[in-house]
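Asks: Below is final_0.txt; it holds compact mmCIF, C-alpha atoms.
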```txt
# COMPACT_ATOMS: atom_id res chain seq x y z
CA MET A 1 -2.60 15.58 -24.40
CA SER A 2 -6.23 16.27 -25.20
CA SER A 3 -8.54 18.31 -23.03
CA GLY A 4 -10.50 15.22 -22.00
CA GLU A 5 -7.35 13.43 -20.91
CA LEU A 6 -6.25 16.52 -18.98
CA THR A 7 -9.61 16.81 -17.23
CA THR A 8 -9.69 13.15 -16.26
CA ARG A 9 -6.08 13.21 -15.06
CA LEU A 10 -6.63 16.39 -13.01
CA SER A 11 -9.75 14.93 -11.44
CA GLY A 12 -7.93 11.71 -10.49
CA ASP A 13 -4.82 13.53 -9.26
CA LEU A 14 -6.85 15.91 -7.10
CA GLU A 15 -8.63 12.95 -5.54
CA MET A 16 -5.26 11.33 -4.75
CA ILE A 17 -3.99 14.59 -3.20
CA ARG A 18 -7.14 14.89 -1.10
CA ASP A 19 -6.74 11.32 0.08
CA GLY A 20 -3.07 11.91 0.88
CA LEU A 21 -3.62 15.06 2.91
CA SER A 22 -6.87 14.31 4.69
CA ASP A 23 -6.33 12.09 7.71
CA LYS A 24 -3.08 10.41 6.70
CA SER A 25 -0.79 13.08 8.11
CA GLY A 26 -2.43 12.76 11.52
CA LEU A 27 -2.21 8.98 11.33
CA PHE A 28 1.48 9.27 10.41
CA VAL A 29 2.24 11.28 13.55
CA GLN A 30 0.19 8.87 15.67
CA TRP A 31 1.96 5.78 14.32
CA LEU A 32 5.37 7.46 14.60
CA PHE A 33 4.87 8.07 18.31
CA CYS A 34 3.49 4.55 18.78
CA PHE A 35 6.60 3.18 17.06
CA ILE A 36 9.00 5.23 19.18
CA SER A 37 7.24 4.44 22.46
CA GLY A 38 6.99 0.75 21.49
CA ILE A 39 10.74 0.59 20.89
CA ALA A 40 11.41 2.30 24.22
CA ILE A 41 9.13 -0.10 26.11
CA ALA A 42 10.62 -3.12 24.35
CA PHE A 43 14.18 -2.12 25.26
CA TYR A 44 13.13 -1.39 28.82
CA TYR A 45 11.68 -4.88 29.35
CA SER A 46 14.17 -7.01 27.37
CA TRP A 47 17.00 -5.38 25.52
CA ARG A 48 18.32 -8.73 24.18
CA LEU A 49 15.01 -9.71 22.63
CA SER A 50 14.58 -6.18 21.27
CA LEU A 51 17.98 -6.27 19.58
CA VAL A 52 17.15 -9.55 17.84
CA ILE A 53 13.87 -8.16 16.54
CA MET A 54 15.48 -4.85 15.53
CA ALA A 55 18.07 -6.80 13.54
CA VAL A 56 15.43 -8.24 11.21
CA ALA A 57 13.09 -5.22 11.17
CA PRO A 58 14.94 -3.51 8.27
CA LEU A 59 14.03 -6.48 6.06
CA MET A 60 10.36 -5.71 6.58
CA GLY A 61 10.96 -1.99 6.02
CA ALA A 62 12.86 -2.66 2.79
CA SER A 63 10.14 -4.95 1.44
CA SER A 64 7.48 -2.37 2.28
CA ALA A 65 9.44 0.39 0.52
CA LEU A 66 9.96 -1.79 -2.55
CA PHE A 67 6.29 -2.65 -2.79
CA ALA A 68 5.29 0.99 -2.25
CA LYS A 69 7.37 1.96 -5.29
CA VAL A 70 6.01 -0.90 -7.41
CA LEU A 71 2.42 -0.08 -6.45
CA ALA A 72 2.97 3.62 -7.19
CA ASP A 73 4.21 2.72 -10.68
CA PHE A 74 1.22 0.48 -11.33
CA THR A 75 -1.18 3.13 -10.01
CA ALA A 76 0.36 5.71 -12.36
CA LYS A 77 -0.17 3.33 -15.30
CA GLU A 78 -3.77 2.76 -14.21
CA GLN A 79 -4.32 6.52 -13.94
CA THR A 80 -2.96 7.01 -17.47
CA ALA A 81 -5.30 4.33 -18.82
CA TYR A 82 -8.29 5.99 -17.12
CA ALA A 83 -7.23 9.34 -18.56
CA GLU A 84 -7.22 7.89 -22.09
CA ALA A 85 -10.71 6.44 -21.60
CA GLY A 86 -11.93 9.73 -20.16
CA ALA A 87 -10.50 11.61 -23.13
CA VAL A 88 -12.46 9.43 -25.54
CA ALA A 89 -15.66 9.92 -23.54
CA GLU A 90 -15.27 13.69 -23.34
CA GLU A 91 -14.39 13.95 -27.03
CA VAL A 92 -17.49 12.00 -28.03
CA ILE A 93 -19.81 13.85 -25.66
CA GLY A 94 -18.44 17.17 -26.91
CA GLY A 95 -19.16 16.22 -30.51
CA ILE A 96 -22.26 14.10 -29.95
CA ARG A 97 -24.21 15.80 -32.74
CA THR A 98 -21.51 14.96 -35.27
CA VAL A 99 -21.24 11.38 -34.03
CA VAL A 100 -25.01 10.89 -34.30
CA ALA A 101 -25.18 12.64 -37.68
CA PHE A 102 -22.71 10.17 -39.18
CA GLY A 103 -24.09 7.14 -37.30
CA GLY A 104 -20.87 6.56 -35.41
CA GLU A 105 -22.36 5.69 -32.03
CA GLN A 106 -21.35 2.03 -32.11
CA THR A 107 -17.87 2.89 -33.37
CA GLU A 108 -17.35 5.29 -30.48
CA VAL A 109 -18.78 2.80 -27.98
CA ASN A 110 -16.31 0.20 -29.24
CA ARG A 111 -13.43 2.68 -29.06
CA TYR A 112 -14.36 3.58 -25.47
CA ALA A 113 -14.76 -0.11 -24.54
CA GLY A 114 -11.29 -0.79 -25.95
CA LYS A 115 -9.81 1.90 -23.72
CA LEU A 116 -11.68 0.49 -20.72
CA GLU A 117 -10.33 -3.00 -21.41
CA LYS A 118 -6.82 -1.60 -21.12
CA THR A 119 -7.84 0.05 -17.84
CA VAL A 120 -9.27 -3.21 -16.48
CA ALA A 121 -6.12 -5.15 -17.41
CA THR A 122 -3.93 -2.55 -15.71
CA GLY A 123 -6.20 -2.56 -12.64
CA LYS A 124 -6.00 -6.35 -12.36
CA LYS A 125 -2.19 -6.22 -12.44
CA ASN A 126 -2.28 -3.48 -9.81
CA GLN A 127 -4.50 -5.54 -7.52
CA LEU A 128 -2.34 -8.63 -8.02
CA MET A 129 0.75 -6.66 -6.96
CA TYR A 130 -1.16 -5.26 -3.99
CA ALA A 131 -2.19 -8.74 -2.88
CA LEU A 132 1.35 -10.02 -3.32
CA SER A 133 2.80 -7.16 -1.31
CA LEU A 134 0.33 -7.76 1.52
CA ALA A 135 1.10 -11.48 1.52
CA ILE A 136 4.85 -10.92 1.74
CA THR A 137 4.56 -8.13 4.31
CA TYR A 138 2.31 -10.17 6.60
CA GLY A 139 4.45 -13.26 6.05
CA LEU A 140 7.54 -11.35 7.18
CA MET A 141 5.64 -9.96 10.14
CA TYR A 142 4.57 -13.43 11.29
CA LEU A 143 8.11 -14.73 10.81
CA MET A 144 9.29 -11.90 13.06
CA TYR A 145 6.68 -12.95 15.65
CA ALA A 146 7.90 -16.55 15.43
CA LEU A 147 11.48 -15.43 15.94
CA ALA A 148 10.46 -13.29 18.91
CA PHE A 149 8.56 -16.12 20.59
CA TRP A 150 11.35 -18.62 19.94
CA TYR A 151 14.09 -16.33 21.25
CA GLY A 152 11.92 -15.20 24.15
CA ALA A 153 11.35 -18.84 25.14
CA LYS A 154 15.10 -19.43 24.88
CA LEU A 155 15.83 -16.43 27.12
CA THR A 156 13.22 -17.62 29.61
CA GLY A 157 14.74 -21.11 29.61
CA GLU A 158 18.18 -19.65 30.31
CA GLY A 159 16.73 -17.56 33.12
CA THR A 160 17.86 -14.23 31.67
CA THR A 161 14.32 -12.88 31.47
CA ASN A 162 10.94 -13.77 32.93
CA GLN A 163 7.81 -15.16 31.28
CA LEU A 164 5.93 -11.87 31.59
CA THR A 165 8.49 -10.09 29.43
CA CYS A 166 8.39 -12.75 26.74
CA SER A 167 4.60 -12.85 26.64
CA PHE A 168 4.36 -9.05 26.37
CA PRO A 169 4.64 -8.96 22.53
CA SER A 170 1.71 -11.36 22.15
CA SER A 171 -0.54 -9.19 24.26
CA THR A 172 0.20 -6.09 22.19
CA SER A 173 -0.55 -7.54 18.74
```
Please render this file's structure as structure tokens.
Replies:
Amino acid sequence: MSSGELTTRLSGDLEMIRDGLSDKSGLFVQWLFCFISGIAIAFYYSWRLSLVIMAVAPLMGASSALFAKVLADFTAKEQTAYAEAGAVAEEVIGGIRTVVAFGGEQTEVNRYAGKLEKTVATGKKNQLMYALSLAITYGLMYLMYALAFWYGAKLTGEGTTNQLTCSFPSSTS
């Protein structure tokens, strides 16, 4: 690993650590308590409806975990590609007098552009996977909503719960 690659990788990794530790830990605690209180409220109002929704919730959790791993892999590949491009840039800037003396500016520009093309291709794949994961996650979420409304209407029709309980999930989304 060259010094330029190390510098670029450290810079990118430190940025990811900063992003991970800034406000995300506070948001995690907030969403954890929202999740726990939401489950408690749901079971209080309609335990039957809550059990049906809880039965399919692991599917959404599993898909989110799978996509988190896939996106982490693609992000690591993208970071490696950026590190290679950064290494070329730092190497050329460090030896700019030599590059100019031998007239190698265009050669180095082409070498750097080649590394950037690899970075762009990796970034496009990363964004495609991100879009796909969002589409599947939101699709599963809306299917869960549809199941909740259908089963809630069924429970209301049977008289085992009231309309207010079945309309509660729609008012919280």
Asks: Record the distance separating atom CA of Val99 of chain A and atom CA of Arg111 of chain A, expressed in Å with one decimal.
Replies: 12.7 Å
Asks: Could you work out how far atom CA of Asp73 of chain A lies from atom CA of Asn126 of chain A, giving the answer in Å with one decimal?
Replies: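 Result for atom CA of Asn126 of chain A versus atom CA of Asp73 of chain A: 9.0 Å, one decimal.
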Asks: Quick one: 5 Å padding each side, axis-aligned, all listed atoms of segment 101-109 of chain A - centre and edge lengths in Å to one decimal, as lines of an AutoDock Vina configuration file?
Replies:
```
center_x = -21.3
center_y = 7.3
center_z = -33.6
size_x = 17.8
size_y = 20.6
size_z = 21.2
```
Asks: From the list A:Ala65, A:Ala76, A:Ala57, A:Ala101, which residue is nearest Met144 of chain A when using only C-alpha atoms?
Replies: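 Among the listed residues, A:Ala57 lies closest to Met144 of chain A.
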Asks: Go through A:Cys34, A:Met16, A:Ile136, A:Ala113 and flag the residue nearest Glu84 of chain A, using all atoms listed in the file for the distances.
Replies: A:Ala113
Asks: Report as a list in words all protein, DNA and RNA residues lying within 12 Å of Leu143 of chain A, evaluated on only C-alpha atoms, omitting residues in the same chain fewer than 4 positions from it.
Replies: Ile53, Val56, Ala57, Leu59, Met60, Ile136, Thr137, Tyr138, Gly139, Leu147, Ala148, Phe149 and Trp150 of chain A
Asks: With all atoms listed in the file as the atoms that count, which of A:Val70, A:Ser11, A:Ser133, A:Ser46 lies nearest to Thr156 of chain A?
Replies: A:Ser46
Asks: Residues around (13.9, -9.2, 26.3), cut-off 8 Å, counting all atoms listed in the file - what are they as a list in words?
Replies: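 The residues near that point, listed by chain and number, are Ala42, Phe43, Tyr45, Ser46, Trp47, Arg48, Leu49, Ser50, Gly152, Leu155, Thr161, Thr165 and Cys166 of chain A.
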Asks: Take atom CA of Lys115 of chain A and atom CA of Ala81 of chain A and report the distance between them in Å, one decimal.
Replies: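 That distance, rounded to one decimal, is 7.1 Å.
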Asks: Pick out the closest residue to Leu10 of chain A from this set: A:Leu51, A:Ala68, A:Ala83, A:Ile36. Count only C-alpha atoms.
Replies: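 Distance minimum relative to Leu10 of chain A lands on A:Ala83.
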Asks: Counting only C-alpha atoms, figure out which residue out of A:Gly12, A:Val52, A:Lys124, A:Glu105 gets nearest to Ile93 of chain A.
Replies: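 Of A:Gly12, A:Val52, A:Lys124, A:Glu105, the one nearest Ile93 of chain A, counting only C-alpha atoms, is A:Glu105.
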Asks: Near Leu116 of chain A, counting only C-alpha atoms, which residues have an atom at most 8 Å away, once you skip same-chain residues fewer than 2 positions from it, shown as a list of chain:residue names?
Replies: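 Here the qualifying residues turn out to be A:Ala81, A:Tyr82, A:Ala85, A:Tyr112, A:Ala113, A:Gly114, A:Lys118, A:Thr119, A:Val120.
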